[in-house]
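*Asks:* Have a peek at my_file.tsv (TSV, C-alpha atoms and all ligand atoms).
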```tsv
chain	number	residue	atom	x	y	z
H	1	MET	CA	0.00	0.00	0.00
H	2	ILE	CA	2.96	2.27	0.67
H	3	ILE	CA	6.53	1.73	-0.53
H	4	THR	CA	9.08	4.50	-0.08
H	5	HIS	CA	12.74	4.63	-1.08
H	6	GLY	CA	14.98	7.22	0.52
H	7	LEU	CA	12.14	9.68	1.02
H	8	ARG	CA	13.72	12.94	2.17
H	9	ARG	CA	12.61	16.47	2.89
H	10	GLU	CA	14.72	19.48	3.73
H	11	PHE	CA	13.49	22.95	4.65
H	12	ARG	CA	15.57	26.00	3.83
H	13	ARG	CA	14.84	28.90	6.17
H	14	SER	CA	16.94	31.36	4.18
H	15	ARG	CA	19.28	31.21	1.21
H	16	ARG	CA	22.42	31.22	3.28
H	17	ALA	CA	21.35	29.07	6.24
H	18	GLU	CA	22.01	25.34	6.26
H	19	PRO	CA	18.80	23.45	5.41
H	20	VAL	CA	16.87	21.71	8.20
H	21	VAL	CA	16.60	18.00	7.41
H	22	ALA	CA	13.07	17.12	8.59
H	23	VAL	CA	13.05	13.62	7.04
H	24	ALA	CA	16.44	12.12	6.24
H	25	GLY	CA	15.66	9.50	3.59
H	26	ILE	CA	13.31	6.86	4.94
H	27	ASP	CA	12.33	3.45	3.53
H	28	LEU	CA	8.90	2.18	4.50
H	29	HIS	CA	6.82	-0.76	3.35
H	30	VAL	CA	3.20	-0.78	4.53
H	31	ARG	CA	1.17	-3.84	3.55
H	32	PRO	CA	-2.47	-3.79	2.47
H	33	GLY	CA	-4.84	-4.10	5.44
H	34	GLU	CA	-2.17	-3.23	7.95
H	35	MET	CA	-2.38	-0.72	10.80
H	36	PHE	CA	1.03	0.91	10.69
H	37	GLY	CA	2.32	3.49	13.16
H	38	LEU	CA	5.01	6.15	12.96
H	39	LEU	CA	6.09	6.70	16.57
H	40	GLY	CA	8.38	9.56	17.49
H	41	PRO	CA	8.83	12.66	19.64
H	42	ASN	CA	7.97	16.23	18.67
H	43	GLY	CA	9.90	17.33	15.62
H	44	ALA	CA	10.85	13.77	14.59
H	45	GLY	CA	9.49	14.27	11.07
H	46	LYS	CA	6.16	12.42	11.35
H	47	SER	CA	3.92	15.14	9.91
H	48	THR	CA	6.43	15.94	7.19
H	49	THR	CA	6.42	12.27	6.15
H	50	MET	CA	2.61	12.21	6.16
H	51	ARG	CA	2.38	15.38	4.10
H	52	MET	CA	4.78	13.97	1.51
H	53	LEU	CA	2.75	10.75	1.28
H	54	THR	CA	-0.46	12.73	0.71
H	55	THR	CA	1.22	14.72	-2.15
H	56	LEU	CA	0.79	17.96	-0.15
H	57	LEU	CA	4.54	18.45	0.13
H	58	PRO	CA	7.04	17.53	-2.60
H	59	PRO	CA	10.00	15.42	-1.39
H	60	THR	CA	13.50	16.84	-1.76
H	61	ALA	CA	14.70	13.36	-2.79
H	62	GLY	CA	13.51	9.78	-3.00
H	63	SER	CA	10.51	8.06	-4.49
H	64	ALA	CA	7.34	6.34	-3.34
H	65	THR	CA	4.35	4.36	-4.48
H	66	VAL	CA	1.16	5.09	-2.54
H	67	ALA	CA	-2.01	3.02	-3.00
H	68	GLY	CA	-0.63	1.67	-6.25
H	69	HIS	CA	0.35	4.99	-7.82
H	70	ASP	CA	3.60	6.86	-8.19
H	71	LEU	CA	3.76	9.69	-5.67
H	72	LEU	CA	5.60	12.06	-7.99
H	73	CYS	CA	3.99	11.40	-11.40
H	74	GLU	CA	0.44	10.34	-10.45
H	75	ARG	CA	-0.51	12.81	-7.76
H	76	ALA	CA	-4.20	13.05	-8.65
H	77	ALA	CA	-4.57	9.25	-8.65
H	78	VAL	CA	-2.85	9.00	-5.27
H	79	ARG	CA	-5.19	11.66	-3.83
H	80	ARG	CA	-8.30	9.85	-5.04
H	81	ARG	CA	-7.29	6.66	-3.26
H	82	ILE	CA	-6.26	8.08	0.10
H	83	GLY	CA	-7.97	9.85	2.99
H	84	TYR	CA	-6.02	12.25	5.19
H	85	VAL	CA	-6.83	13.57	8.65
H	86	ALA	CA	-4.41	16.36	9.53
H	87	GLN	CA	-2.92	16.98	12.97
H	88	GLY	CA	-5.47	19.07	14.88
H	89	GLY	CA	-8.31	18.52	12.39
H	90	GLY	CA	-10.07	21.23	10.46
H	91	THR	CA	-13.80	21.28	11.13
H	92	GLU	CA	-15.72	24.56	11.50
H	93	PRO	CA	-17.29	25.09	14.97
H	94	ALA	CA	-20.26	26.89	13.37
H	95	GLU	CA	-21.05	24.04	10.95
H	96	THR	CA	-22.94	20.82	11.58
H	97	ALA	CA	-21.49	17.36	11.07
H	98	ARG	CA	-23.95	16.64	8.29
H	99	ALA	CA	-23.00	19.81	6.42
H	100	GLU	CA	-19.26	19.04	6.72
H	101	LEU	CA	-19.71	15.47	5.47
H	102	VAL	CA	-21.89	16.54	2.55
H	103	MET	CA	-19.41	19.23	1.55
H	104	GLN	CA	-16.58	16.70	1.63
H	105	GLY	CA	-18.60	14.35	-0.60
H	106	ARG	CA	-19.21	17.19	-3.06
H	107	VAL	CA	-15.46	17.96	-3.11
H	108	PHE	CA	-14.93	14.37	-4.26
H	109	GLY	CA	-17.48	14.81	-7.07
H	110	MET	CA	-20.57	13.15	-5.56
H	111	SER	CA	-24.04	14.39	-6.47
H	112	LYS	CA	-25.99	16.08	-3.68
H	113	ALA	CA	-28.14	12.98	-3.16
H	114	GLU	CA	-25.11	10.70	-3.08
H	115	ALA	CA	-23.30	12.98	-0.64
H	116	LEU	CA	-26.34	13.11	1.67
H	117	ALA	CA	-26.71	9.34	1.61
H	118	ARG	CA	-23.03	8.83	2.36
H	119	ALA	CA	-23.20	11.37	5.21
H	120	ASP	CA	-26.16	9.48	6.76
H	121	GLN	CA	-24.33	6.19	6.44
H	122	LEU	CA	-21.18	7.49	8.16
H	123	LEU	CA	-23.11	9.30	10.91
H	124	ASP	CA	-24.99	6.09	11.67
H	125	ARG	CA	-21.86	4.00	11.71
H	126	LEU	CA	-20.14	6.36	14.10
H	127	GLY	CA	-23.14	6.61	16.39
H	128	LEU	CA	-23.21	10.37	15.72
H	129	ALA	CA	-26.64	10.52	14.02
H	130	ALA	CA	-28.39	12.11	17.02
H	131	ALA	CA	-25.90	15.01	17.04
H	132	ALA	CA	-25.71	15.36	13.24
H	133	ASP	CA	-27.50	18.70	13.06
H	134	ARG	CA	-25.99	20.30	16.15
H	135	ARG	CA	-23.22	22.84	15.70
H	136	LEU	CA	-19.77	21.28	16.11
H	137	GLY	CA	-18.79	23.95	18.64
H	138	THR	CA	-20.99	22.09	21.14
H	139	TRP	CA	-19.38	18.69	20.51
H	140	SER	CA	-16.76	16.99	22.74
H	141	GLY	CA	-13.18	16.66	21.50
H	142	GLY	CA	-13.58	12.90	21.03
H	143	MET	CA	-16.75	13.32	18.95
H	144	ARG	CA	-15.05	15.94	16.76
H	145	ARG	CA	-12.04	13.71	16.20
H	146	ARG	CA	-14.30	10.82	15.19
H	147	LEU	CA	-15.98	13.15	12.73
H	148	ASP	CA	-12.52	14.09	11.37
H	149	ILE	CA	-11.96	10.39	10.71
H	150	ALA	CA	-15.36	10.08	9.02
H	151	LEU	CA	-14.44	13.04	6.80
H	152	GLY	CA	-11.34	11.16	5.69
H	153	LEU	CA	-13.51	8.15	4.76
H	154	VAL	CA	-16.22	9.87	2.69
H	155	HIS	CA	-14.78	8.79	-0.67
H	156	ARG	CA	-14.02	5.22	0.52
H	157	PRO	CA	-10.22	5.43	0.35
H	158	ALA	CA	-8.05	2.30	0.33
H	159	LEU	CA	-5.58	4.02	2.67
H	160	LEU	CA	-6.33	6.36	5.57
H	161	LEU	CA	-3.56	8.58	6.96
H	162	LEU	CA	-4.15	9.87	10.49
H	163	ASP	CA	-1.75	12.46	11.90
H	164	GLU	CA	-1.83	12.25	15.72
H	165	PRO	CA	-5.46	11.12	15.96
H	166	THR	CA	-5.73	11.31	19.76
H	167	THR	CA	-3.35	14.08	20.83
H	168	GLY	CA	-4.96	16.27	23.47
H	169	LEU	CA	-7.93	13.96	24.14
H	170	ASP	CA	-8.85	12.71	27.60
H	171	PRO	CA	-8.60	8.92	28.20
H	172	ALA	CA	-12.32	8.26	27.60
H	173	SER	CA	-12.32	10.15	24.29
H	174	ARG	CA	-9.09	8.44	23.30
H	175	ALA	CA	-10.74	5.04	23.81
H	176	GLU	CA	-13.65	6.14	21.58
H	177	VAL	CA	-11.27	7.21	18.82
H	178	TRP	CA	-9.26	3.99	19.12
H	179	ALA	CA	-12.46	1.96	18.72
H	180	GLU	CA	-13.27	3.94	15.59
H	181	ILE	CA	-9.80	3.44	14.10
H	182	ARG	CA	-10.02	-0.30	14.78
H	183	ALA	CA	-13.40	-0.41	13.03
H	184	VAL	CA	-11.91	1.34	10.00
H	185	ARG	CA	-9.17	-1.25	9.77
H	186	GLU	CA	-11.62	-4.13	10.27
H	187	ALA	CA	-13.61	-2.80	7.31
H	188	GLY	CA	-10.49	-3.43	5.20
H	189	THR	CA	-8.91	0.02	5.01
H	190	THR	CA	-5.15	0.26	5.48
H	191	VAL	CA	-4.27	2.77	8.20
H	192	LEU	CA	-1.06	4.76	8.63
H	193	LEU	CA	-1.05	6.81	11.81
H	194	THR	CA	1.47	8.95	13.63
H	195	THR	CA	1.68	9.23	17.38
H	196	HIS	CA	3.99	10.22	20.16
H	197	TYR	CA	2.10	8.01	22.61
H	198	LEU	CA	3.92	4.72	23.24
H	199	GLU	CA	0.74	3.13	24.49
H	200	GLU	CA	-1.14	4.07	21.33
H	201	ALA	CA	1.48	2.51	19.07
H	202	ASP	CA	1.61	-0.57	21.27
H	203	GLU	CA	-2.17	-1.12	21.55
H	204	LEU	CA	-3.28	-0.17	18.09
H	205	CYS	CA	-0.57	-0.92	15.54
H	206	ASP	CA	0.37	-4.17	13.83
H	207	ARG	CA	3.78	-2.72	13.04
H	208	VAL	CA	5.59	0.40	14.15
H	209	ALA	CA	8.44	2.46	12.72
H	210	ILE	CA	10.18	4.41	15.46
H	211	ILE	CA	11.37	7.75	14.11
H	212	ASP	CA	13.86	10.11	15.67
H	213	ARG	CA	15.38	13.17	13.98
H	214	GLY	CA	14.09	12.19	10.57
H	215	THR	CA	15.36	8.61	10.51
H	216	VAL	CA	13.84	5.22	11.25
H	217	VAL	CA	15.62	3.85	14.31
H	218	GLY	CA	13.46	0.75	14.83
H	219	LEU	CA	10.93	-1.22	12.81
H	220	GLY	CA	8.74	-4.23	13.59
H	221	THR	CA	5.72	-5.44	15.52
H	222	PRO	CA	5.56	-3.99	19.04
H	223	ASP	CA	6.53	-7.44	20.39
H	224	GLU	CA	9.49	-7.80	18.01
H	225	LEU	CA	10.75	-4.36	18.94
H	226	LYS	CA	10.46	-5.10	22.63
H	227	SER	CA	12.22	-8.44	22.36
H	228	GLN	CA	15.19	-6.70	20.66
H	229	VAL	CA	15.99	-4.92	23.90
H	230	ALA	CA	16.85	-6.19	27.35
H	231	GLY	CA	14.44	-9.19	27.38
H	232	ASP	CA	12.00	-9.81	30.19
H	233	SER	CA	12.58	-9.83	33.88
H	234	ILE	CA	10.91	-11.88	36.60
H	235	VAL	CA	10.83	-10.48	40.11
H	236	VAL	CA	10.24	-13.07	42.85
H	237	THR	CA	9.73	-12.51	46.54
H	238	LEU	CA	11.14	-15.34	48.68
H	239	PRO	CA	11.54	-16.02	52.41
H	240	PRO	CA	14.09	-13.70	54.12
H	241	GLY	CA	17.70	-14.53	53.29
H	242	THR	CA	16.85	-16.83	50.37
H	243	PRO	CA	17.74	-14.64	47.34
H	244	GLU	CA	21.49	-14.70	48.13
H	245	LEU	CA	21.42	-18.47	48.57
H	246	VAL	CA	19.61	-19.40	45.35
H	247	ALA	CA	21.04	-16.74	42.98
H	248	PRO	CA	24.13	-18.75	41.87
H	249	THR	CA	22.03	-21.81	40.95
H	250	VAL	CA	19.47	-19.67	39.09
H	251	ARG	CA	22.29	-17.92	37.19
H	252	ALA	CA	23.68	-21.28	36.07
H	253	GLN	CA	20.47	-22.22	34.18
H	254	GLN	CA	20.72	-22.02	30.40
H	255	TRP	CA	17.48	-20.01	30.14
H	256	CYS	CA	18.80	-17.41	32.58
H	257	ARG	CA	20.66	-14.26	31.49
H	258	GLY	CA	21.28	-13.00	35.00
H	259	ALA	CA	19.96	-13.05	38.56
H	260	ASP	CA	20.47	-10.28	41.11
H	261	PRO	CA	19.23	-10.17	44.68
H	262	VAL	CA	17.48	-6.79	45.11
H	263	ASP	CA	17.26	-7.09	48.88
H	264	ASP	CA	16.94	-9.74	51.59
H	265	ARG	CA	13.68	-11.10	50.11
H	266	VAL	CA	13.56	-10.09	46.45
H	267	LEU	CA	15.39	-11.66	43.49
H	268	ARG	CA	15.34	-10.21	39.98
H	269	VAL	CA	15.91	-12.73	37.19
H	270	TYR	CA	16.66	-11.69	33.58
H	271	VAL	CA	15.45	-14.00	30.80
H	272	ALA	CA	14.87	-13.87	27.05
H	273	ASP	CA	11.26	-15.04	27.15
H	274	GLY	CA	9.51	-14.49	30.46
H	275	SER	CA	6.36	-16.46	29.80
H	276	ARG	CA	8.39	-19.62	29.12
H	277	ALA	CA	10.94	-19.13	31.87
H	278	VAL	CA	8.37	-18.61	34.64
H	279	SER	CA	7.53	-22.32	34.95
H	280	ASP	CA	11.23	-23.33	34.81
H	281	LEU	CA	12.03	-20.82	37.53
H	282	LEU	CA	9.16	-21.98	39.76
H	283	ARG	CA	10.21	-25.60	39.38
H	284	LEU	CA	13.82	-24.76	40.18
H	285	LEU	CA	12.95	-22.71	43.27
H	286	ASP	CA	10.67	-25.49	44.44
H	287	SER	CA	13.48	-28.03	44.12
H	288	LEU	CA	15.72	-25.67	46.14
H	289	SER	CA	13.05	-25.50	48.89
H	290	ALA	CA	12.63	-21.76	48.33
H	291	PRO	CA	8.86	-21.18	48.38
H	292	VAL	CA	7.76	-18.26	46.21
H	293	VAL	CA	5.74	-15.62	48.08
H	294	SER	CA	4.94	-13.56	44.97
H	295	LEU	CA	6.08	-13.25	41.39
H	296	THR	CA	5.77	-10.54	38.72
H	297	LEU	CA	6.81	-10.69	35.09
H	298	THR	CA	7.80	-7.41	33.46
H	299	ARG	CA	8.38	-6.95	29.76
H	300	PRO	CA	10.32	-4.08	28.23
H	301	SER	CA	8.15	-1.23	26.94
H	302	LEU	CA	8.47	0.64	23.64
H	303	ASP	CA	10.06	3.36	25.77
H	304	ASP	CA	12.96	0.98	26.51
H	305	VAL	CA	13.20	0.31	22.76
H	306	PHE	CA	13.37	4.02	22.02
H	307	LEU	CA	15.94	4.59	24.76
H	308	THR	CA	18.14	1.75	23.49
H	309	ALA	CA	17.96	2.96	19.89
H	310	THR	CA	18.53	6.66	20.51
H	311	GLY	CA	20.17	6.98	23.92
H	312	HIS	CA	17.41	9.27	25.18
H	313	PRO	CA	13.88	8.56	26.44
H	314	LEU	CA	10.95	9.41	24.16
H	315	ALA	CA	9.18	11.58	26.74
H	316	ALA	CA	12.23	13.82	27.25
H	317	ALA	CA	13.28	13.96	23.59
H	401	LIG	N1	7.54	24.36	6.80
H	401	LIG	C1	8.62	24.17	7.53
H	401	LIG	N2	9.67	25.01	7.48
H	401	LIG	C2	10.78	24.80	8.22
H	401	LIG	N3	10.96	23.75	9.03
H	401	LIG	C3	9.96	22.87	9.13
H	401	LIG	C4	8.73	23.01	8.39
H	401	LIG	N4	7.92	21.98	8.70
H	401	LIG	C5	8.60	21.21	9.58
H	401	LIG	N5	9.82	21.74	9.84
H	401	LIG	C6	10.84	21.17	10.74
H	401	LIG	O1	11.02	19.81	10.42
H	401	LIG	C7	11.16	19.00	11.58
H	401	LIG	C8	10.12	17.92	11.59
H	401	LIG	O2	8.81	18.50	11.76
H	401	LIG	P1	7.46	17.63	11.76
H	401	LIG	O3	6.34	18.58	11.87
H	401	LIG	O4	7.48	16.71	10.62
H	401	LIG	O5	7.62	16.81	13.10
H	401	LIG	P2	6.56	15.90	13.86
H	401	LIG	O6	7.23	14.60	14.09
H	401	LIG	O7	5.28	15.88	13.14
H	401	LIG	O8	6.40	16.64	15.26
H	401	LIG	P3	5.09	16.88	16.19
H	401	LIG	O9	5.01	15.69	17.09
H	401	LIG	O10	5.47	18.12	16.93
H	401	LIG	O11	3.91	17.05	15.32
H	401	LIG	C9	11.08	19.96	12.75
H	401	LIG	O12	12.39	20.30	13.13
H	401	LIG	C10	10.37	21.16	12.19
H	401	LIG	O13	10.75	22.34	12.87
H	402	MG	MG	3.37	16.43	13.62
```
Reformat the file's structure so that it appears as structure tokens.

*Replies:*
Amino acid sequence: MIITHGLRREFRRSRRAEPVVAVAGIDLHVRPGEMFGLLGPNGAGKSTTMRMLTTLLPPTAGSATVAGHDLLCERAAVRRRIGYVAQGGGTEPAETARAELVMQGRVFGMSKAEALARADQLLDRLGLAAAADRRLGTWSGGMRRRLDIALGLVHRPALLLLDEPTTGLDPASRAEVWAEIRAVREAGTTVLLTTHYLEEADELCDRVAIIDRGTVVGLGTPDELKSQVAGDSIVVTLPPGTPELVAPTVRAQQWCRGADPVDDRVLRVYVADGSRAVSDLLRLLDSLSAPVVSLTLTRPSLDDVFLTATGHPLAAA
């Protein structure tokens, strides 16, 4: 659905100044039907990438095929096959949802009757029919963002691009928007979204490209990305004095990458695959007559992935 080769964009602030490299030549491959996320901090180049893929911004270098058409030579064909929801959205507070949807349909060449029918269909699907004729200024942020998504879907695109779909929403509204995005994907539309929320990339996306300073620093499913870093850790609480005694035997196991007593009662064990190692560890501790009081398994987060790849945490970047 999207293939890019060395896609790059520079911005020149003045003739003499060095150009700012917003996107430094990225290669992406998004498969049909996939929910693909671009995860990165402010200024990483996410919106610039999106705007290039929508034909709104010409690349400085590189090439791409989007929804089956060449990004540089077939711009009109690309535009017909994609929907785009910009960062922040663009609906008019004084308009109604129905009016906005009908206008969007007309922009894409539908007759008035067709546009009205499509508006009704989308309002129904989103559960927004009751509010359809109320001014948008009275709507909640979550409702407005769902309408933004509906506006991107009016012409039934094969690919929907969502730039930061939930930024600034409260948790309840975010959950509503997530449900809507999942429904879009289930209906067969490929989705490319950008986010700086780790949780959003983790929960929603089949695959994620982690972007920092205009380059892709990690690519894969959230699980693949997480398993590339540190591995899992298992924290067990044991009777007082036991961690020191059992640590050497635990360390000697072939599934164990390390075992450190945290204090008199707590042992932290590092393993490649926590869900498999848990039963081995329990069996071993049992055979050593070290009864387990409690056990927690922690997996690395996408934040750990970002930190490992870039040397700085996403939140502070
Ligand atoms: N029109 C422009 N002129 C000059 N520099 C720009 C322009 N647009 C973007 N940039 C610069 O390019 C870099 C990437 O910006 P971009 O908006 O793509 O980041 P982003 O990942 O979308 O960030 P955010 O999370 O804040 O939306 C930034 O350093 C930004 O200042
Ligand atoms: Mg942006």

*Asks:* Which of these residues is nearest to Val21 (chain H), using all atoms listed in the file: H:Asp212, H:Glu92, H:Asp273, H:Glu164?

*Replies:* H:Asp212

*Asks:* Contacts between ligand LIG 401 (chain H) and chain H, please, where a residue of chain H counts if it comes within 6 Å (with only C-alpha atoms and all ligand atoms); show its shortest atom pair and distance in Å to one decimal, rows by chain and ascending number, as JSON lines.

*Replies:*
```
{"residue": "H:Phe11", "atom": "CA", "partner": "H:LIG401", "partner_atom": "C2", "distance": 4.8}
{"residue": "H:Ala22", "atom": "CA", "partner": "H:LIG401", "partner_atom": "O1", "distance": 3.8}
{"residue": "H:Pro41", "atom": "CA", "partner": "H:LIG401", "partner_atom": "O9", "distance": 5.5}
{"residue": "H:Asn42", "atom": "CA", "partner": "H:LIG401", "partner_atom": "O9", "distance": 3.4}
{"residue": "H:Gly43", "atom": "CA", "partner": "H:LIG401", "partner_atom": "O5", "distance": 3.4}
{"residue": "H:Ala44", "atom": "CA", "partner": "H:LIG401", "partner_atom": "O6", "distance": 3.7}
{"residue": "H:Gly45", "atom": "CA", "partner": "H:LIG401", "partner_atom": "O4", "distance": 3.2}
{"residue": "H:Lys46", "atom": "CA", "partner": "H:LIG401", "partner_atom": "O6", "distance": 3.7}
{"residue": "H:Ser47", "atom": "CA", "partner": "H:LIG401", "partner_atom": "O7", "distance": 3.6}
{"residue": "H:Thr48", "atom": "CA", "partner": "H:LIG401", "partner_atom": "O4", "distance": 3.7}
```

*Asks:* Find the residues around Val235 (chain H) up to 9 Å (only C-alpha atoms counted), leave out those fewer than 5 positions away in its own chain, and share them as a list in words.

*Replies:*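 Surrounding residues, per the criterion: Val266, Leu267, Arg268, Val269, Tyr270, Ser294, Leu295, Thr296, Leu297 and Thr298 of chain H.
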
*Asks:* Kindly indicate which residue among H:Gly214, H:Pro19, H:Gly142, H:Arg182 lies nearest to ligand MG 402 (chain H), using all atoms listed in the file for the distances.

*Replies:*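 Between H:Gly214, H:Pro19, H:Gly142, H:Arg182, the residue approaching ligand MG 402 (chain H) most closely is H:Gly214.
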
*Asks:* Would you kindly return, as a list in words, each protein, DNA or RNA residue with an atom no farther than 12 Å from any atom of Leu285 (chain H), considering only C-alpha atoms and excluding same-chain residues fewer than 2 positions away?

*Replies:*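 So, after excluding close chain neighbours, the residues are Val236, Thr237, Leu238, Pro239, Thr242, Pro243, Leu245, Val246, Ala247, Pro248, Thr249, Val250, Gln253, Leu267, Val278, Ser279, Asp280, Leu281, Leu282, Arg283, Ser287, Leu288, Ser289, Ala290, Pro291, Val292, Val293 and Leu295 of chain H.
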
*Asks:* Would you put the residues from that selection into a file with C-alpha atoms, as a PDB file, keeping the file's coordinate frame?

*Replies:*
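again_19.pdb was written with the following content:
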```
ATOM      1  CA  VAL H 236      10.240 -13.070  42.850  1.00  0.00           C
ATOM      2  CA  THR H 237       9.730 -12.510  46.540  1.00  0.00           C
ATOM      3  CA  LEU H 238      11.140 -15.340  48.680  1.00  0.00           C
ATOM      4  CA  PRO H 239      11.540 -16.020  52.410  1.00  0.00           C
ATOM      5  CA  THR H 242      16.850 -16.830  50.370  1.00  0.00           C
ATOM      6  CA  PRO H 243      17.740 -14.640  47.340  1.00  0.00           C
ATOM      7  CA  LEU H 245      21.420 -18.470  48.570  1.00  0.00           C
ATOM      8  CA  VAL H 246      19.610 -19.400  45.350  1.00  0.00           C
ATOM      9  CA  ALA H 247      21.040 -16.740  42.980  1.00  0.00           C
ATOM     10  CA  PRO H 248      24.130 -18.750  41.870  1.00  0.00           C
ATOM     11  CA  THR H 249      22.030 -21.810  40.950  1.00  0.00           C
ATOM     12  CA  VAL H 250      19.470 -19.670  39.090  1.00  0.00           C
ATOM     13  CA  GLN H 253      20.470 -22.220  34.180  1.00  0.00           C
ATOM     14  CA  LEU H 267      15.390 -11.660  43.490  1.00  0.00           C
ATOM     15  CA  VAL H 278       8.370 -18.610  34.640  1.00  0.00           C
ATOM     16  CA  SER H 279       7.530 -22.320  34.950  1.00  0.00           C
ATOM     17  CA  ASP H 280      11.230 -23.330  34.810  1.00  0.00           C
ATOM     18  CA  LEU H 281      12.030 -20.820  37.530  1.00  0.00           C
ATOM     19  CA  LEU H 282       9.160 -21.980  39.760  1.00  0.00           C
ATOM     20  CA  ARG H 283      10.210 -25.600  39.380  1.00  0.00           C
ATOM     21  CA  SER H 287      13.480 -28.030  44.120  1.00  0.00           C
ATOM     22  CA  LEU H 288      15.720 -25.670  46.140  1.00  0.00           C
ATOM     23  CA  SER H 289      13.050 -25.500  48.890  1.00  0.00           C
ATOM     24  CA  ALA H 290      12.630 -21.760  48.330  1.00  0.00           C
ATOM     25  CA  PRO H 291       8.860 -21.180  48.380  1.00  0.00           C
ATOM     26  CA  VAL H 292       7.760 -18.260  46.210  1.00  0.00           C
ATOM     27  CA  VAL H 293       5.740 -15.620  48.080  1.00  0.00           C
ATOM     28  CA  LEU H 295       6.080 -13.250  41.390  1.00  0.00           C
TER      29      LEU H 295
END
```

*Asks:* Taking all atoms of region 178-182 of chain H that the file lists and extending 8 Å past them on each side, where is the centre of the axis-aligned box and how long are its edges? Answer in Å to one decimal, as lines of an AutoDock Vina configuration file.

*Replies:*
```
center_x = -11.3
center_y = 1.8
center_z = 16.6
size_x = 20.0
size_y = 20.3
size_z = 21.0
```

*Asks:* Ranking H:Arg51, H:Arg257, H:Arg185, H:Arg16 by minimum distance to ligand MG 402 (chain H) and counting all atoms listed in the file, which one comes first?

*Replies:* H:Arg51

*Asks:* In terms of the shortest atom-to-atom distance over all atoms listed in the file, which of H:Ala150, H:Leu126, H:Leu193, H:Val208 is closest to ligand MG 402 (chain H)?

*Replies:* H:Leu193

*Asks:* Which of these, H:Arg80, H:Lys226, H:His196, H:Arg276, has the shortest distance to Ser301 (chain H) once you count only C-alpha atoms?

*Replies:*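 The answer is H:Lys226, which sits nearest to Ser301 (chain H).
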
*Asks:* Please provide the set of residues having any atom within 10 Å of Ala131 (chain H), restricted to all atoms listed in the file, with same-chain residues fewer than 4 positions apart removed, written as a list in words.

*Replies:*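 Skipping anything fewer than 4 positions along the chain leaves Thr96, Ala97, Arg98, Leu123, Gly127, Arg135, Leu136, Thr138, Trp139 and Met143 of chain H.
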
*Asks:* Between CA of Leu72 (chain H) and CA of Pro157 (chain H), what is the distance, to one decimal in Å?

*Replies:*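 CA of Pro157 (chain H) lies at a distance of 19.1 Å from CA of Leu72 (chain H).
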
*Asks:* The residues within 10 Å of (-7.4, 12.3, 21.0), using all atoms listed in the file and the coordinates of the file, should be reported as a list in words; which are they?

*Replies:*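 Those residues lying close to the given coordinates are Gly88, Gly141, Gly142, Met143, Arg144, Arg145, Arg146, Glu164, Pro165, Thr166, Thr167, Gly168, Leu169, Asp170, Pro171, Ala172, Ser173, Arg174, Ala175, Glu176, Val177 and Trp178 of chain H.
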